[in-house]
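Below is the file coords34.cif, which contains mmCIF, C-alpha atoms and all ligand atoms.
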```cif
data_target
loop_
_atom_site.group_PDB
_atom_site.id
_atom_site.type_symbol
_atom_site.label_atom_id
_atom_site.label_comp_id
_atom_site.auth_asym_id
_atom_site.auth_seq_id
_atom_site.Cartn_x
_atom_site.Cartn_y
_atom_site.Cartn_z
ATOM 1 C CA MET A 1 -21.260 -2.292 -7.727
ATOM 2 C CA THR A 2 -21.033 -2.679 -3.951
ATOM 3 C CA ILE A 3 -17.662 -2.751 -2.234
ATOM 4 C CA ALA A 4 -17.255 -3.956 1.346
ATOM 5 C CA PHE A 5 -14.221 -3.513 3.593
ATOM 6 C CA ILE A 6 -13.511 -5.991 6.353
ATOM 7 C CA GLY A 7 -11.459 -3.837 8.717
ATOM 8 C CA GLY A 8 -11.842 -0.065 8.870
ATOM 9 C CA GLY A 9 -8.285 0.953 9.833
ATOM 10 C CA ASN A 10 -5.694 3.165 8.157
ATOM 11 C CA MET A 11 -5.530 1.499 4.766
ATOM 12 C CA ALA A 12 -9.286 0.902 4.414
ATOM 13 C CA GLY A 13 -9.892 4.520 5.508
ATOM 14 C CA ALA A 14 -7.503 5.763 2.816
ATOM 15 C CA ILE A 15 -9.199 3.710 0.078
ATOM 16 C CA VAL A 16 -12.683 4.757 1.229
ATOM 17 C CA ALA A 17 -11.531 8.399 1.119
ATOM 18 C CA GLY A 18 -10.151 7.871 -2.392
ATOM 19 C CA LEU A 19 -13.324 6.163 -3.635
ATOM 20 C CA CYS A 20 -15.578 8.896 -2.255
ATOM 21 C CA ALA A 21 -13.321 11.656 -3.622
ATOM 22 C CA ASN A 22 -13.611 9.970 -7.024
ATOM 23 C CA GLY A 23 -17.393 10.137 -6.975
ATOM 24 C CA THR A 24 -18.322 6.636 -5.770
ATOM 25 C CA ASP A 25 -21.854 6.586 -4.325
ATOM 26 C CA PRO A 26 -21.275 6.231 -0.531
ATOM 27 C CA ASN A 27 -24.320 3.942 -0.324
ATOM 28 C CA THR A 28 -22.351 1.350 -2.285
ATOM 29 C CA VAL A 29 -19.452 1.372 0.213
ATOM 30 C CA CYS A 30 -19.688 -0.713 3.413
ATOM 31 C CA VAL A 31 -17.145 -1.093 6.222
ATOM 32 C CA SER A 32 -17.117 -3.631 9.013
ATOM 33 C CA ASP A 33 -14.918 -3.139 12.087
ATOM 34 C CA PRO A 34 -15.385 -4.017 15.777
ATOM 35 C CA ASN A 35 -14.363 -0.487 16.755
ATOM 36 C CA ARG A 36 -17.451 1.751 16.901
ATOM 37 C CA ASP A 37 -15.470 5.022 17.043
ATOM 38 C CA LYS A 38 -13.688 4.208 13.770
ATOM 39 C CA LEU A 39 -17.019 3.341 12.140
ATOM 40 C CA ASP A 40 -18.686 6.541 13.401
ATOM 41 C CA ALA A 41 -15.824 8.632 12.018
ATOM 42 C CA LEU A 42 -16.026 6.925 8.603
ATOM 43 C CA ARG A 43 -19.810 7.185 8.426
ATOM 44 C CA GLN A 44 -19.871 10.838 9.478
ATOM 45 C CA THR A 45 -17.060 11.826 7.100
ATOM 46 C CA TYR A 46 -18.150 9.927 3.986
ATOM 47 C CA GLY A 47 -21.785 8.899 4.525
ATOM 48 C CA ILE A 48 -20.921 5.226 3.884
ATOM 49 C CA ARG A 49 -22.663 2.227 5.525
ATOM 50 C CA THR A 50 -20.931 0.712 8.550
ATOM 51 C CA PHE A 51 -21.355 -2.503 10.547
ATOM 52 C CA GLU A 52 -19.850 -3.715 13.814
ATOM 53 C CA VAL A 53 -20.420 -7.353 12.891
ATOM 54 C CA THR A 54 -20.071 -9.071 9.528
ATOM 55 C CA SER A 55 -23.250 -10.941 8.609
ATOM 56 C CA ASP A 56 -25.839 -11.256 5.784
ATOM 57 C CA TRP A 57 -25.267 -7.693 4.584
ATOM 58 C CA LEU A 58 -21.928 -8.848 3.084
ATOM 59 C CA LEU A 59 -23.828 -11.026 0.552
ATOM 60 C CA GLU A 60 -24.566 -7.792 -1.358
ATOM 61 C CA ALA A 61 -20.866 -7.091 -1.995
ATOM 62 C CA ASP A 62 -19.343 -7.508 -5.459
ATOM 63 C CA ILE A 63 -15.863 -6.727 -4.108
ATOM 64 C CA VAL A 64 -14.843 -7.715 -0.574
ATOM 65 C CA VAL A 65 -11.647 -5.983 0.564
ATOM 66 C CA LEU A 66 -9.787 -7.817 3.323
ATOM 67 C CA ALA A 67 -8.158 -4.947 5.253
ATOM 68 C CA VAL A 68 -7.316 -6.517 8.628
ATOM 69 C CA LYS A 69 -3.858 -7.344 9.982
ATOM 70 C CA PRO A 70 -2.326 -10.576 8.628
ATOM 71 C CA GLN A 71 -2.246 -12.059 12.167
ATOM 72 C CA VAL A 72 -6.044 -12.083 12.440
ATOM 73 C CA LEU A 73 -6.867 -12.811 8.805
ATOM 74 C CA LYS A 74 -7.403 -16.565 9.191
ATOM 75 C CA ASP A 75 -9.980 -16.120 11.990
ATOM 76 C CA VAL A 76 -11.664 -13.269 10.138
ATOM 77 C CA CYS A 77 -11.903 -15.321 6.920
ATOM 78 C CA GLU A 78 -13.405 -18.283 8.708
ATOM 79 C CA HIS A 79 -16.011 -15.985 10.268
ATOM 80 C CA ILE A 80 -17.042 -14.212 7.048
ATOM 81 C CA ALA A 81 -16.786 -17.159 4.595
ATOM 82 C CA ALA A 82 -20.518 -17.911 4.715
ATOM 83 C CA PHE A 83 -21.410 -14.323 3.765
ATOM 84 C CA ILE A 84 -19.414 -14.014 0.537
ATOM 85 C CA ARG A 85 -21.255 -14.627 -2.747
ATOM 86 C CA PRO A 86 -19.440 -17.146 -5.016
ATOM 87 C CA THR A 87 -19.392 -14.492 -7.789
ATOM 88 C CA ALA A 88 -17.838 -11.824 -5.540
ATOM 89 C CA THR A 89 -14.167 -10.944 -5.895
ATOM 90 C CA VAL A 90 -12.083 -10.871 -2.730
ATOM 91 C CA LEU A 91 -9.305 -8.264 -2.746
ATOM 92 C CA SER A 92 -6.778 -8.875 0.015
ATOM 93 C CA ILE A 93 -4.453 -6.037 0.985
ATOM 94 C CA ALA A 94 -2.952 -8.063 3.859
ATOM 95 C CA ALA A 95 0.818 -8.253 3.512
ATOM 96 C CA GLY A 96 2.297 -11.681 2.889
ATOM 97 C CA VAL A 97 -0.764 -13.934 3.119
ATOM 98 C CA THR A 98 -1.038 -16.022 -0.054
ATOM 99 C CA SER A 99 -4.163 -16.295 -2.191
ATOM 100 C CA GLU A 100 -3.957 -20.081 -1.683
ATOM 101 C CA SER A 101 -4.328 -19.651 2.112
ATOM 102 C CA ILE A 102 -7.100 -17.072 1.786
ATOM 103 C CA GLY A 103 -8.937 -19.220 -0.747
ATOM 104 C CA ARG A 104 -8.734 -22.207 1.587
ATOM 105 C CA TRP A 105 -9.933 -20.240 4.650
ATOM 106 C CA LEU A 106 -12.815 -18.701 2.712
ATOM 107 C CA ASN A 107 -13.531 -21.711 0.519
ATOM 108 C CA HIS A 108 -13.589 -19.170 -2.320
ATOM 109 C CA GLU A 109 -11.849 -19.024 -5.700
ATOM 110 C CA ARG A 110 -11.929 -15.421 -6.821
ATOM 111 C CA ILE A 111 -8.999 -13.930 -4.877
ATOM 112 C CA VAL A 112 -6.940 -10.907 -5.985
ATOM 113 C CA ARG A 113 -4.030 -9.632 -3.922
ATOM 114 C CA CYS A 114 -2.771 -6.098 -3.504
ATOM 115 C CA MET A 115 0.331 -4.682 -1.850
ATOM 116 C CA PRO A 116 -0.368 -0.991 -1.211
ATOM 117 C CA ASN A 117 1.836 1.518 0.627
ATOM 118 C CA THR A 118 1.233 4.315 3.125
ATOM 119 C CA PRO A 119 1.375 7.255 0.657
ATOM 120 C CA ALA A 120 -2.067 5.913 -0.360
ATOM 121 C CA MET A 121 -3.220 7.995 2.608
ATOM 122 C CA VAL A 122 -2.481 11.157 0.608
ATOM 123 C CA GLY A 123 -3.551 9.724 -2.760
ATOM 124 C CA LYS A 124 0.075 9.082 -3.797
ATOM 125 C CA GLY A 125 0.216 5.335 -3.248
ATOM 126 C CA MET A 126 1.943 2.702 -5.351
ATOM 127 C CA SER A 127 0.073 -0.595 -5.333
ATOM 128 C CA GLY A 128 1.192 -3.924 -6.713
ATOM 129 C CA LEU A 129 -1.687 -6.148 -7.863
ATOM 130 C CA TYR A 130 -1.812 -9.865 -8.615
ATOM 131 C CA ALA A 131 -4.728 -11.862 -10.017
ATOM 132 C CA PRO A 132 -4.731 -15.487 -11.183
ATOM 133 C CA ASP A 133 -5.595 -16.197 -14.845
ATOM 134 C CA ALA A 134 -9.171 -17.119 -13.916
ATOM 135 C CA ILE A 135 -9.950 -13.502 -13.019
ATOM 136 C CA ASP A 136 -11.437 -11.840 -16.122
ATOM 137 C CA ALA A 137 -10.441 -8.485 -17.610
ATOM 138 C CA ARG A 138 -13.585 -6.677 -16.376
ATOM 139 C CA THR A 139 -12.920 -7.708 -12.797
ATOM 140 C CA ARG A 140 -9.261 -6.671 -13.093
ATOM 141 C CA GLU A 141 -10.410 -3.296 -14.362
ATOM 142 C CA ALA A 142 -12.842 -2.890 -11.458
ATOM 143 C CA ILE A 143 -10.110 -3.760 -8.920
ATOM 144 C CA GLN A 144 -7.655 -1.447 -10.660
ATOM 145 C CA ASP A 145 -10.203 1.389 -10.507
ATOM 146 C CA VAL A 146 -10.488 0.882 -6.737
ATOM 147 C CA MET A 147 -6.753 1.039 -6.112
ATOM 148 C CA GLN A 148 -6.206 3.904 -8.571
ATOM 149 C CA CYS A 149 -8.347 6.023 -6.252
ATOM 150 C CA VAL A 150 -5.313 6.158 -3.942
ATOM 151 C CA GLY A 151 -2.464 6.336 -6.449
ATOM 152 C CA ARG A 152 -0.744 4.366 -9.162
ATOM 153 C CA VAL A 153 -1.073 0.643 -9.846
ATOM 154 C CA ARG A 154 1.188 -2.046 -11.361
ATOM 155 C CA TRP A 155 0.095 -5.614 -12.076
ATOM 156 C CA VAL A 156 2.597 -8.394 -11.430
ATOM 157 C CA GLU A 157 2.536 -11.686 -13.341
ATOM 158 C CA LYS A 158 3.386 -14.061 -10.503
ATOM 159 C CA GLU A 159 2.112 -13.847 -6.949
ATOM 160 C CA ASP A 160 5.689 -14.196 -5.685
ATOM 161 C CA ASP A 161 6.510 -10.872 -7.396
ATOM 162 C CA LEU A 162 4.459 -9.115 -4.707
ATOM 163 C CA HIS A 163 7.491 -9.693 -2.439
ATOM 164 C CA VAL A 164 9.518 -7.606 -4.887
ATOM 165 C CA ILE A 165 6.845 -4.896 -4.786
ATOM 166 C CA THR A 166 7.202 -5.000 -0.980
ATOM 167 C CA GLY A 167 10.958 -4.454 -1.363
ATOM 168 C CA GLY A 168 10.264 -1.474 -3.646
ATOM 169 C CA SER A 169 7.149 0.536 -2.887
ATOM 170 C CA GLY A 170 5.822 -1.359 0.160
ATOM 171 C CA SER A 171 8.799 -0.584 2.382
ATOM 172 C CA GLY A 172 10.172 2.135 0.090
ATOM 173 C CA PRO A 173 8.589 5.095 1.893
ATOM 174 C CA ALA A 174 10.721 4.178 4.929
ATOM 175 C CA TYR A 175 13.880 4.200 2.769
ATOM 176 C CA VAL A 176 12.991 7.705 1.621
ATOM 177 C CA PHE A 177 12.199 8.875 5.174
ATOM 178 C CA HIS A 178 15.598 7.492 6.211
ATOM 179 C CA PHE A 179 17.324 9.538 3.489
ATOM 180 C CA LEU A 180 15.298 12.632 4.437
ATOM 181 C CA GLN A 181 16.395 12.226 8.062
ATOM 182 C CA ALA A 182 20.044 11.848 7.013
ATOM 183 C CA LEU A 183 19.922 14.955 4.784
ATOM 184 C CA GLN A 184 18.139 16.967 7.481
ATOM 185 C CA GLU A 185 20.732 15.943 10.111
ATOM 186 C CA ALA A 186 23.662 16.717 7.793
ATOM 187 C CA LEU A 187 22.269 20.223 7.195
ATOM 188 C CA GLN A 188 21.694 20.747 10.914
ATOM 189 C CA ALA A 189 25.312 19.700 11.531
ATOM 190 C CA GLN A 190 26.268 22.660 9.307
ATOM 191 C CA GLY A 191 24.278 25.064 11.512
ATOM 192 C CA MET A 192 20.902 25.083 9.729
ATOM 193 C CA ASP A 193 17.891 25.180 12.066
ATOM 194 C CA LEU A 194 15.633 22.109 12.185
ATOM 195 C CA GLU A 195 12.612 23.694 10.494
ATOM 196 C CA THR A 196 14.649 25.005 7.565
ATOM 197 C CA ALA A 197 16.603 21.730 7.240
ATOM 198 C CA ARG A 198 13.349 19.728 7.168
ATOM 199 C CA ASP A 199 11.883 22.016 4.518
ATOM 200 C CA VAL A 200 15.054 21.997 2.389
ATOM 201 C CA ALA A 201 15.329 18.176 2.536
ATOM 202 C CA LEU A 202 11.657 17.561 1.815
ATOM 203 C CA THR A 203 11.334 20.147 -0.974
ATOM 204 C CA THR A 204 14.471 18.745 -2.626
ATOM 205 C CA VAL A 205 13.132 15.180 -2.648
ATOM 206 C CA GLU A 206 9.670 16.317 -3.818
ATOM 207 C CA GLY A 207 11.197 18.519 -6.529
ATOM 208 C CA ALA A 208 13.636 15.882 -7.767
ATOM 209 C CA ALA A 209 10.839 13.275 -7.901
ATOM 210 C CA ALA A 210 8.550 15.687 -9.783
ATOM 211 C CA LEU A 211 11.338 16.552 -12.245
ATOM 212 C CA ALA A 212 12.131 12.868 -12.838
ATOM 213 C CA ARG A 213 8.411 12.117 -13.327
ATOM 214 C CA ALA A 214 8.103 14.929 -15.886
ATOM 215 C CA SER A 215 11.115 13.646 -17.834
ATOM 216 C CA ALA A 216 11.564 10.546 -19.963
ATOM 217 C CA GLU A 217 15.305 10.462 -19.220
ATOM 218 C CA PRO A 218 16.859 7.676 -17.140
ATOM 219 C CA PHE A 219 17.609 8.651 -13.509
ATOM 220 C CA GLU A 220 21.309 8.232 -14.232
ATOM 221 C CA ASP A 221 21.176 10.868 -17.011
ATOM 222 C CA LEU A 222 19.216 13.286 -14.830
ATOM 223 C CA ARG A 223 21.869 12.845 -12.163
ATOM 224 C CA ALA A 224 24.697 13.388 -14.664
ATOM 225 C CA LYS A 225 23.038 16.607 -15.914
ATOM 226 C CA VAL A 226 23.364 18.244 -12.500
ATOM 227 C CA THR A 227 26.887 16.897 -11.905
ATOM 228 C CA SER A 228 29.443 19.072 -13.693
ATOM 229 C CA LYS A 229 32.942 17.673 -13.771
ATOM 230 C CA GLY A 230 34.997 19.007 -10.860
ATOM 231 C CA GLY A 231 31.950 20.793 -9.380
ATOM 232 C CA THR A 232 30.216 20.646 -6.015
ATOM 233 C CA THR A 233 27.695 17.889 -6.802
ATOM 234 C CA ALA A 234 30.481 15.715 -8.253
ATOM 235 C CA LYS A 235 32.271 15.868 -4.913
ATOM 236 C CA ALA A 236 29.149 14.681 -3.086
ATOM 237 C CA ILE A 237 28.475 11.889 -5.603
ATOM 238 C CA GLU A 238 32.085 10.711 -5.235
ATOM 239 C CA VAL A 239 31.358 10.109 -1.551
ATOM 240 C CA PHE A 240 28.133 8.184 -2.312
ATOM 241 C CA GLU A 241 30.027 6.035 -4.816
ATOM 242 C CA ALA A 242 33.040 5.448 -2.568
ATOM 243 C CA ARG A 243 30.610 4.146 0.089
ATOM 244 C CA ASP A 244 28.775 2.045 -2.536
ATOM 245 C CA CYS A 245 25.399 3.697 -2.015
ATOM 246 C CA ARG A 246 23.839 1.586 -4.781
ATOM 247 C CA GLY A 247 25.216 -1.589 -3.246
ATOM 248 C CA ILE A 248 23.702 -0.583 0.102
ATOM 249 C CA VAL A 249 20.288 -0.013 -1.479
ATOM 250 C CA ASP A 250 20.566 -3.356 -3.283
ATOM 251 C CA GLN A 251 21.366 -5.148 -0.005
ATOM 252 C CA ALA A 252 18.522 -3.365 1.791
ATOM 253 C CA VAL A 253 15.990 -4.375 -0.887
ATOM 254 C CA ARG A 254 17.236 -7.992 -0.818
ATOM 255 C CA ALA A 255 16.953 -8.101 2.996
ATOM 256 C CA CYS A 256 13.420 -6.692 2.832
ATOM 257 C CA ILE A 257 12.309 -9.244 0.220
ATOM 258 C CA ALA A 258 13.880 -12.136 2.146
ATOM 259 C CA ARG A 259 12.008 -11.055 5.309
ATOM 260 C CA SER A 260 8.766 -10.702 3.343
ATOM 261 C CA ARG A 261 9.139 -14.313 2.119
ATOM 262 C CA GLU A 262 9.924 -15.519 5.650
ATOM 263 C CA MET A 263 6.884 -13.740 7.074
ATOM 264 C CA ALA A 264 4.627 -15.194 4.397
ATOM 265 C CA GLU A 265 5.538 -18.663 5.729
ATOM 266 C CA LEU A 266 4.183 -17.662 9.160
ATOM 267 C CA PHE A 267 0.695 -16.899 7.866
ATOM 268 C CA LYS A 268 0.006 -20.096 5.927
HETATM 269 N N1 LIG A 301 -0.254 0.377 6.447
HETATM 270 C C1 LIG A 301 0.526 0.001 5.416
HETATM 271 O O1 LIG A 301 1.504 0.620 5.015
HETATM 272 C C2 LIG A 301 0.215 -1.233 4.669
HETATM 273 C C3 LIG A 301 0.896 -1.485 3.498
HETATM 274 C C4 LIG A 301 0.611 -2.625 2.815
HETATM 275 C C5 LIG A 301 -0.336 -3.495 3.302
HETATM 276 N N2 LIG A 301 -0.980 -3.210 4.449
HETATM 277 C C6 LIG A 301 -1.942 -4.178 4.945
HETATM 278 O O2 LIG A 301 -3.199 -3.573 5.116
HETATM 279 C C7 LIG A 301 -3.890 -4.280 6.150
HETATM 280 C C8 LIG A 301 -4.509 -3.252 7.064
HETATM 281 O O3 LIG A 301 -3.470 -2.437 7.603
HETATM 282 P P1 LIG A 301 -3.830 -1.127 8.402
HETATM 283 O O4 LIG A 301 -2.560 -0.378 8.570
HETATM 284 O O5 LIG A 301 -5.009 -0.445 7.792
HETATM 285 O O6 LIG A 301 -4.273 -1.800 9.817
HETATM 286 P P2 LIG A 301 -5.207 -1.224 10.953
HETATM 287 O O7 LIG A 301 -5.215 0.270 10.932
HETATM 288 O O8 LIG A 301 -4.861 -1.929 12.226
HETATM 289 O O9 LIG A 301 -6.674 -1.698 10.498
HETATM 290 C C9 LIG A 301 -7.175 -2.988 10.671
HETATM 291 C C10 LIG A 301 -8.578 -2.851 11.266
HETATM 292 O O10 LIG A 301 -9.219 -4.114 11.255
HETATM 293 C C11 LIG A 301 -9.980 -4.219 12.449
HETATM 294 N N3 LIG A 301 -10.400 -5.584 12.718
HETATM 295 C C12 LIG A 301 -9.829 -6.516 13.536
HETATM 296 N N4 LIG A 301 -10.575 -7.646 13.530
HETATM 297 C C13 LIG A 301 -11.637 -7.433 12.705
HETATM 298 C C14 LIG A 301 -12.756 -8.211 12.301
HETATM 299 N N5 LIG A 301 -12.950 -9.442 12.775
HETATM 300 N N6 LIG A 301 -13.641 -7.676 11.446
HETATM 301 C C15 LIG A 301 -13.468 -6.441 10.968
HETATM 302 N N7 LIG A 301 -12.428 -5.637 11.338
HETATM 303 C C16 LIG A 301 -11.522 -6.130 12.180
HETATM 304 C C17 LIG A 301 -9.043 -3.649 13.459
HETATM 305 O O11 LIG A 301 -9.699 -3.357 14.661
HETATM 306 P P3 LIG A 301 -8.806 -3.353 16.038
HETATM 307 O O12 LIG A 301 -7.792 -2.266 15.866
HETATM 308 O O13 LIG A 301 -9.833 -3.070 17.072
HETATM 309 O O14 LIG A 301 -8.191 -4.718 16.123
HETATM 310 C C18 LIG A 301 -8.558 -2.394 12.723
HETATM 311 O O15 LIG A 301 -9.460 -1.318 12.884
HETATM 312 C C19 LIG A 301 -2.862 -5.172 6.846
HETATM 313 O O16 LIG A 301 -3.098 -6.515 6.524
HETATM 314 C C20 LIG A 301 -1.543 -4.728 6.292
HETATM 315 O O17 LIG A 301 -0.662 -5.832 6.119
HETATM 316 C C21 LIG A 301 -0.752 -2.099 5.141
#
```
Here is a file; write its structure as C-alpha cells.
Amino acid sequence: MTIAFIGGGNMAGAIVAGLCANGTDPNTVCVSDPNRDKLDALRQTYGIRTFEVTSDWLLEADIVVLAVKPQVLKDVCEHIAAFIRPTATVLSIAAGVTSESIGRWLNHERIVRCMPNTPAMVGKGMSGLYAPDAIDARTREAIQDVMQCVGRVRWVEKEDDLHVITGGSGSGPAYVFHFLQALQEALQAQGMDLETARDVALTTVEGAAALARASAEPFEDLRAKVTSKGGTTAKAIEVFEARDCRGIVDQAVRACIARSREMAELFK
C-alpha cells in the first residue's frame, strides 16, 4: 500500500515519523511540498520518497493524505485532482473543510476526514475520524492504522461531530497548557522557582492522567478519593466549585465548537 502526503509540514511530518517507527516500508511513503528544505529533512531522516511538484507519481497512491492548510486546500485539490486514482482513498486532516467541498474540488468520492491534534508529534495524539457509509471496513481499518501510528483514534458517526472533536481533543491541548500555566504561576506566587514550578505542574498533570488511564473509575470518583472531608484538597476544590470551573470549561468548549462551525463556512 502506498501512502502519499500532500504537504510536508508539522502534522504530515508527525504521521510520517509514526508510520516509519511502526515499520512501514519508507519506499511506500511519498511526500509532496514546495519547500525543498522540508523535503530534504524528511528524506534524510526517514528514507521516504519526496517530490516538489505533484504529478503522475501520485497515481500510485492508495491513500492520499491532504495535509496542507485549509486556506490553500481548494487550489491544491484542483491541481492534484487529475493525479488521484478513482480507487484511492483521500484522507483530509485539514480542519473544518467538509468532505462535500473536497469531493467537489477533486471530483472524487472516496473522502475520509480526520481531526488530529498536536500531541501526535510525540505519538500521543487523539484523532477523530469520519467516513461516509460508502467507505468499506478494510479501508477504514487501513486509515485507522495510519492514524494509530501517532496516538489513539475515535470514529464519529456524523461529519458534524468532528466539530465536537475539535472542541475536545483538537483544541484541548491548549486548555491543558492554560491550566499548566495557571498552576505554575500560582506556585511561583508562593515563592517556588520557575523550573521547579514547571516540573511540579507538569508531573502532576502527567501523573494524574496516567492514574486516570490506569483506572476504570469515573474522574469524579478519582477526585473524591483524594479529597478528604475538611482537608487541604477539599479547600482547593471548594474554590474551583465556587467559581464554577465546570461551567467555565463547558462555555469554553461551546465557544470553540461554535467557532469551528463558523470557520467551516469560510472554506466551502
Ligand atoms: N497542527 C495541528 O494541531 C493540527 C490539528 C488538526 C488539524 N491540523 C490540520 O493539518 C493540516 C496541516 O497542518 P500543519 O500544522 O502540518 O501545517 P504546516 O506545517 O503549515 O504544513 C503544511 C505544508 O503544506 C505545504 N504546502 C503548501 N502548498 C502546497 C502544495 N500546493 N502542495 C504541497 N504542499 C503544499 C506548506 O508549504 P509552505 O509552508 O511553503 O506553504 C507546508 O509545508 C492543516 O490543514 C491543519 O488544519 C493541524
Show me, as CSV, the residues of chain A having an atom within 6 Å of ligand LIG 301 (chain A), each with the closest atom pair and its distance in Å, using all atoms listed in the file.
```
residue,atom,partner,partner_atom,distance
A:Ile6,CA,A:LIG301,C15,4.6
A:Gly7,CA,A:LIG301,N7,3.3
A:Gly8,CA,A:LIG301,O15,4.8
A:Gly9,CA,A:LIG301,O9,3.2
A:Asn10,CA,A:LIG301,O5,3.7
A:Met11,CA,A:LIG301,O5,3.6
A:Ala12,CA,A:LIG301,O5,5.6
A:Ser32,CA,A:LIG301,C15,5.0
A:Asp33,CA,A:LIG301,N7,3.6
A:Pro34,CA,A:LIG301,N7,5.6
A:Asn35,CA,A:LIG301,O13,5.2
A:Ala67,CA,A:LIG301,C7,4.4
A:Val68,CA,A:LIG301,O10,4.0
A:Lys69,CA,A:LIG301,O16,3.6
A:Pro70,CA,A:LIG301,O16,4.6
A:Val76,CA,A:LIG301,N5,4.8
A:Ile93,CA,A:LIG301,O2,5.0
A:Ala94,CA,A:LIG301,O16,3.1
A:Ala95,CA,A:LIG301,O17,3.9
A:Met115,CA,A:LIG301,C4,5.1
A:Pro116,CA,A:LIG301,C4,4.5
A:Asn117,CA,A:LIG301,C3,4.3
A:Thr118,CA,A:LIG301,O1,4.2
A:Gly170,CA,A:LIG301,C3,6.0
```
Reference answer for the PyMOL selection byres (((chain A and resi 105-108) around 6) and not hetatm), as a short mmCIF file (atom, residue, chain, number, x, y, z; two decimals) with C-alpha atoms, keeping the file's coordinate frame:
```
data_model
loop_
_atom_site.label_atom_id
_atom_site.label_comp_id
_atom_site.auth_asym_id
_atom_site.auth_seq_id
_atom_site.Cartn_x
_atom_site.Cartn_y
_atom_site.Cartn_z
CA CYS A 77 -11.90 -15.32 6.92
CA GLU A 78 -13.40 -18.28 8.71
CA ALA A 81 -16.79 -17.16 4.60
CA ILE A 102 -7.10 -17.07 1.79
CA GLY A 103 -8.94 -19.22 -0.75
CA ARG A 104 -8.73 -22.21 1.59
CA GLU A 109 -11.85 -19.02 -5.70
#
```
Report the closest atom pair, with its distance in Å rounded to one decimal, for each residue of stretch 77-143 of chain A that has an atom no farther than 12 Å from stretch 151-161 of chain A; count only C-alpha atoms, sort by chain and then rising residue number, and write it as CSV.
```
residue,atom,partner,partner_atom,distance
A:Ala95,CA,A:Glu159,CA,11.9
A:Gly96,CA,A:Asp160,CA,9.6
A:Val97,CA,A:Glu159,CA,10.5
A:Thr98,CA,A:Glu159,CA,7.9
A:Ser99,CA,A:Glu159,CA,8.2
A:Glu100,CA,A:Glu159,CA,10.2
A:Ile111,CA,A:Glu159,CA,11.3
A:Val112,CA,A:Glu159,CA,9.6
A:Arg113,CA,A:Glu159,CA,8.0
A:Cys114,CA,A:Trp155,CA,9.1
A:Met115,CA,A:Val153,CA,9.7
A:Pro116,CA,A:Val153,CA,8.8
A:Asn117,CA,A:Gly151,CA,9.6
A:Thr118,CA,A:Gly151,CA,10.5
A:Pro119,CA,A:Gly151,CA,8.1
A:Ala120,CA,A:Gly151,CA,6.1
A:Met121,CA,A:Gly151,CA,9.2
A:Val122,CA,A:Gly151,CA,8.5
A:Gly123,CA,A:Gly151,CA,5.1
A:Lys124,CA,A:Gly151,CA,4.6
A:Gly125,CA,A:Gly151,CA,4.3
A:Met126,CA,A:Arg152,CA,5.0
A:Ser127,CA,A:Val153,CA,4.8
A:Gly128,CA,A:Arg154,CA,5.0
A:Leu129,CA,A:Trp155,CA,4.6
A:Tyr130,CA,A:Val156,CA,5.4
A:Ala131,CA,A:Glu159,CA,7.8
A:Pro132,CA,A:Glu159,CA,8.2
A:Asp133,CA,A:Glu157,CA,9.4
A:Arg140,CA,A:Trp155,CA,9.5
A:Glu141,CA,A:Trp155,CA,11.0
A:Ile143,CA,A:Val153,CA,10.1
```
Query raised in the report: If you apply the PyMOL selection byres (((chain A and resi 245-253) around 9) and not hetatm) to this file, what residues do you get, as a VMD selection string?
Result: chain A and resid 164 166 to 168 171 to 172 175 239 to 244 254 to 258
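We find atom CA of A:Gly191 and atom CA of A:Thr204 to be spaced 18.3 Å apart.
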Report task. Identify all residues satisfying the PyMOL selection byres (((chain A and resi 54-57) around 12) and not hetatm) in the given file; provide them as a ChimeraX atom specification. Result -> /A:2-7,28-34,49-53,58-62,64,76-85
Query - Interatomic distance, atom CA of A:Gln184 to atom CA of A:Asp199 (Å, one decimal) - result: 8.6 Å
**Report entry** Selected residue of minimal separation from A:Met147 among A:Thr233, A:Ser260, A:Ser92, A:Ser101, counting all atoms listed in the file
**Finding:** A:Ser92
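Of the listed residues (A:Val16, A:Pro173, A:Gly230, A:Ile237), A:Val16 comes nearest to A:Ala41; the distances count only C-alpha atoms.
Atom CA of A:Ala216 is positioned 29.2 Å from atom CA of A:Ala137.
Each of A:Leu66, A:Ala189, A:Gly23, A:Ala17 was compared to A:Leu42 using only C-alpha atoms, and A:Ala17 turns out to be the nearest.
Of the residues listed (A:Ala208, A:His163, A:Arg198, A:Ala182), A:His163 shows the shortest atom-to-atom separation from A:Met263; distances use all atoms listed in the file.
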